[in-house]
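Notes for the one structure printed next.
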Amino acid sequence: MPLIDCRECQKEVSTDAKSCPHCGAVLKSFFSRNKFWLVPVLVLVTVWIGGTLFTMNRMMKKFNNPTFNNAPIQRPEFGN
Ligand SMILES: [Zn+2]
């Protein structure tokens, strides 16, 4: 059973304990004890990355648009 130092009294406390048996301080926050908050974060990150890729894909399609490529091409001229 791993032990951590209580941030209040610096005594060793089991990581399974919700509060310090020595001083009664709450040891872990909801977020470190409970990993369920990771799910919405992962979903948000996935949506964000997906949206970025989608936007990049649209930009690349715009770049490959024929009208865009019809712009006059400047060729180097020799021997004016
Ligand atoms: Zn303590």
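The chains in the structure tokens are called A, B, ... from first to last as shown; in each chain the residues are counted from 1, and the ligands are counted from 1 in the order shown.
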inquiry  = Please identify all protein, DNA and RNA residues within 12 Å of ligand 1, counting only C-alpha atoms and all ligand atoms, and report them as a list of chain:residue names.
reply    = A:Ile4, A:Asp5, A:Cys6, A:Arg7, A:Glu8, A:Cys9, A:Gln10, A:Lys11, A:Glu12, A:Val13, A:Ser14, A:Ala17, A:Lys18, A:Ser19, A:Cys20, A:Pro21, A:His22, A:Cys23, A:Gly24, A:Ala25, A:Val26, A:Leu27, A:Lys28
Suppose we keep N, CA and C atoms; can you now write the selection as an mmCIF file, in the first residue's frame?
data_model
loop_
_atom_site.group_PDB
_atom_site.id
_atom_site.type_symbol
_atom_site.label_atom_id
_atom_site.label_comp_id
_atom_site.auth_asym_id
_atom_site.auth_seq_id
_atom_site.Cartn_x
_atom_site.Cartn_y
_atom_site.Cartn_z
ATOM 1 N N ILE A 4 1.838 8.377 1.177
ATOM 2 C CA ILE A 4 2.188 9.736 0.784
ATOM 3 C C ILE A 4 2.322 10.582 2.046
ATOM 4 N N ASP A 5 2.965 11.725 1.900
ATOM 5 C CA ASP A 5 3.085 12.641 3.031
ATOM 6 C C ASP A 5 1.873 13.554 3.068
ATOM 7 N N CYS A 6 1.287 13.674 4.228
ATOM 8 C CA CYS A 6 0.179 14.603 4.400
ATOM 9 C C CYS A 6 0.692 16.022 4.178
ATOM 10 N N ARG A 7 -0.050 16.771 3.371
ATOM 11 C CA ARG A 7 0.432 18.129 3.080
ATOM 12 C C ARG A 7 0.236 19.060 4.275
ATOM 13 N N GLU A 8 -0.538 18.631 5.264
ATOM 14 C CA GLU A 8 -0.756 19.481 6.442
ATOM 15 C C GLU A 8 0.239 19.168 7.554
ATOM 16 N N CYS A 9 0.376 17.860 7.898
ATOM 17 C CA CYS A 9 1.228 17.518 9.044
ATOM 18 C C CYS A 9 2.474 16.745 8.617
ATOM 19 N N GLN A 10 2.625 16.454 7.303
ATOM 20 C CA GLN A 10 3.797 15.789 6.754
ATOM 21 C C GLN A 10 4.005 14.385 7.316
ATOM 22 N N LYS A 11 2.979 13.780 7.876
ATOM 23 C CA LYS A 11 3.083 12.392 8.326
ATOM 24 C C LYS A 11 2.650 11.470 7.191
ATOM 25 N N GLU A 12 3.116 10.224 7.260
ATOM 26 C CA GLU A 12 2.789 9.287 6.201
ATOM 27 C C GLU A 12 1.351 8.804 6.332
ATOM 28 N N VAL A 13 0.673 8.849 5.191
ATOM 29 C CA VAL A 13 -0.735 8.458 5.146
ATOM 30 C C VAL A 13 -0.924 7.563 3.933
ATOM 31 N N SER A 14 -1.776 6.583 4.054
ATOM 32 C CA SER A 14 -2.084 5.722 2.921
ATOM 33 C C SER A 14 -2.766 6.520 1.814
ATOM 34 N N ALA A 17 -6.517 6.500 1.908
ATOM 35 C CA ALA A 17 -7.258 7.292 2.895
ATOM 36 C C ALA A 17 -7.774 8.572 2.259
ATOM 37 N N LYS A 18 -9.007 8.902 2.571
ATOM 38 C CA LYS A 18 -9.582 10.129 2.023
ATOM 39 C C LYS A 18 -9.163 11.341 2.836
ATOM 40 N N SER A 19 -8.877 11.091 4.127
ATOM 41 C CA SER A 19 -8.414 12.195 4.965
ATOM 42 C C SER A 19 -7.321 11.682 5.890
ATOM 43 N N CYS A 20 -6.494 12.585 6.339
ATOM 44 C CA CYS A 20 -5.356 12.225 7.178
ATOM 45 C C CYS A 20 -5.844 11.729 8.541
ATOM 46 N N PRO A 21 -5.409 10.547 8.967
ATOM 47 C CA PRO A 21 -5.827 10.062 10.289
ATOM 48 C C PRO A 21 -5.156 10.827 11.422
ATOM 49 N N HIS A 22 -4.106 11.580 11.097
ATOM 50 C CA HIS A 22 -3.393 12.317 12.144
ATOM 51 C C HIS A 22 -4.018 13.679 12.395
ATOM 52 N N CYS A 23 -4.259 14.423 11.315
ATOM 53 C CA CYS A 23 -4.762 15.780 11.483
ATOM 54 C C CYS A 23 -6.144 15.979 10.860
ATOM 55 N N GLY A 24 -6.597 14.978 10.114
ATOM 56 C CA GLY A 24 -7.945 15.083 9.556
ATOM 57 C C GLY A 24 -8.028 15.867 8.266
ATOM 58 N N ALA A 25 -6.887 16.283 7.716
ATOM 59 C CA ALA A 25 -6.912 17.055 6.479
ATOM 60 C C ALA A 25 -7.373 16.173 5.326
ATOM 61 N N VAL A 26 -8.143 16.738 4.433
ATOM 62 C CA VAL A 26 -8.561 16.021 3.235
ATOM 63 C C VAL A 26 -7.336 15.886 2.339
ATOM 64 N N LEU A 27 -7.040 14.623 1.940
ATOM 65 C CA LEU A 27 -5.769 14.376 1.265
ATOM 66 C C LEU A 27 -5.815 14.623 -0.219
ATOM 67 N N LYS A 28 -6.867 14.165 -0.856
ATOM 68 C CA LYS A 28 -6.893 14.262 -2.314
ATOM 69 C C LYS A 28 -8.097 15.054 -2.759
#
task = Provide the atom CA of Gly50 of chain A to atom CA of Phe63 of chain A distance in Å, to one decimal place.
result =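 Here the two named atoms are 19.8 Å from each other.
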So that I can check the secondary structure, give me every residue of segment 36-76 of chain A assigned alpha helix (DSSP H) by backbone DSSP, as a tab-separated table (two decimals) with N, CA and C atoms, in the first residue's frame.
chain	number	residue	atom	x	y	z
A	38	LEU	N	-11.74	12.83	-16.80
A	38	LEU	CA	-10.90	12.67	-17.99
A	38	LEU	C	-11.75	12.46	-19.24
A	39	VAL	N	-12.91	11.83	-19.07
A	39	VAL	CA	-13.74	11.48	-20.24
A	39	VAL	C	-14.16	12.72	-21.01
A	40	PRO	N	-14.83	13.72	-20.38
A	40	PRO	CA	-15.20	14.91	-21.16
A	40	PRO	C	-13.99	15.65	-21.70
A	41	VAL	N	-12.88	15.63	-20.97
A	41	VAL	CA	-11.67	16.31	-21.45
A	41	VAL	C	-11.17	15.62	-22.71
A	42	LEU	N	-11.14	14.28	-22.70
A	42	LEU	CA	-10.69	13.54	-23.88
A	42	LEU	C	-11.62	13.80	-25.05
A	43	VAL	N	-12.93	13.85	-24.77
A	43	VAL	CA	-13.90	14.11	-25.85
A	43	VAL	C	-13.64	15.49	-26.44
A	44	LEU	N	-13.43	16.49	-25.57
A	44	LEU	CA	-13.18	17.85	-26.04
A	44	LEU	C	-11.90	17.90	-26.88
A	45	VAL	N	-10.85	17.22	-26.42
A	45	VAL	CA	-9.58	17.22	-27.16
A	45	VAL	C	-9.77	16.56	-28.52
A	46	THR	N	-10.52	15.44	-28.53
A	46	THR	CA	-10.77	14.73	-29.78
A	46	THR	C	-11.54	15.62	-30.75
A	47	VAL	N	-12.58	16.31	-30.24
A	47	VAL	CA	-13.37	17.20	-31.10
A	47	VAL	C	-12.50	18.34	-31.60
A	48	TRP	N	-11.64	18.85	-30.73
A	48	TRP	CA	-10.79	19.98	-31.10
A	48	TRP	C	-9.82	19.57	-32.20
A	49	ILE	N	-9.18	18.39	-32.03
A	49	ILE	CA	-8.23	17.91	-33.03
A	49	ILE	C	-8.97	17.61	-34.33
A	50	GLY	N	-10.15	16.98	-34.21
A	50	GLY	CA	-10.94	16.68	-35.40
A	50	GLY	C	-11.32	17.95	-36.14
A	51	GLY	N	-11.73	18.98	-35.39
A	51	GLY	CA	-12.09	20.25	-36.01
A	51	GLY	C	-10.91	20.90	-36.68
A	52	THR	N	-9.74	20.80	-36.07
A	52	THR	CA	-8.53	21.38	-36.66
A	52	THR	C	-8.18	20.67	-37.96
A	53	LEU	N	-8.26	19.34	-37.95
A	53	LEU	CA	-7.95	18.57	-39.16
A	53	LEU	C	-8.96	18.89	-40.26
A	54	PHE	N	-10.24	19.02	-39.87
A	54	PHE	CA	-11.29	19.33	-40.84
A	54	PHE	C	-11.02	20.69	-41.47
A	55	THR	N	-10.67	21.67	-40.65
A	55	THR	CA	-10.38	23.01	-41.16
A	55	THR	C	-9.17	22.99	-42.08
A	56	MET	N	-8.12	22.24	-41.69
A	56	MET	CA	-6.93	22.14	-42.52
A	56	MET	C	-7.27	21.49	-43.86
A	57	ASN	N	-8.11	20.44	-43.80
A	57	ASN	CA	-8.52	19.75	-45.03
A	57	ASN	C	-9.25	20.71	-45.96
A	58	ARG	N	-10.14	21.54	-45.39
A	58	ARG	CA	-10.86	22.51	-46.21
A	58	ARG	C	-9.91	23.53	-46.81
A	59	MET	N	-8.93	23.94	-46.02
A	59	MET	CA	-7.97	24.92	-46.53
A	59	MET	C	-7.15	24.33	-47.67
A	60	MET	N	-6.79	23.05	-47.53
A	60	MET	CA	-6.02	22.40	-48.58
A	60	MET	C	-6.86	22.29	-49.86
A	61	LYS	N	-8.17	21.99	-49.71
A	61	LYS	CA	-9.04	21.91	-50.89
A	61	LYS	C	-9.14	23.26	-51.57
A	62	LYS	N	-9.21	24.32	-50.76
A	62	LYS	CA	-9.27	25.68	-51.30
A	62	LYS	C	-7.98	25.97	-52.06
A	63	PHE	N	-6.87	25.51	-51.50
A	63	PHE	CA	-5.57	25.75	-52.12
A	63	PHE	C	-5.46	25.03	-53.46
A	66	PRO	N	-9.02	24.89	-58.75
A	66	PRO	CA	-8.49	25.27	-60.08
A	66	PRO	C	-8.44	26.77	-60.28
A	67	THR	N	-9.47	27.49	-59.81
A	67	THR	CA	-9.47	28.94	-60.01
A	67	THR	C	-8.26	29.57	-59.34
A	68	PHE	N	-7.85	28.97	-58.28
A	68	PHE	CA	-6.68	29.49	-57.57
A	68	PHE	C	-5.43	29.28	-58.43
A	69	ASN	N	-5.38	28.14	-59.13
A	69	ASN	CA	-4.20	27.83	-59.92
A	69	ASN	C	-4.19	28.55	-61.27
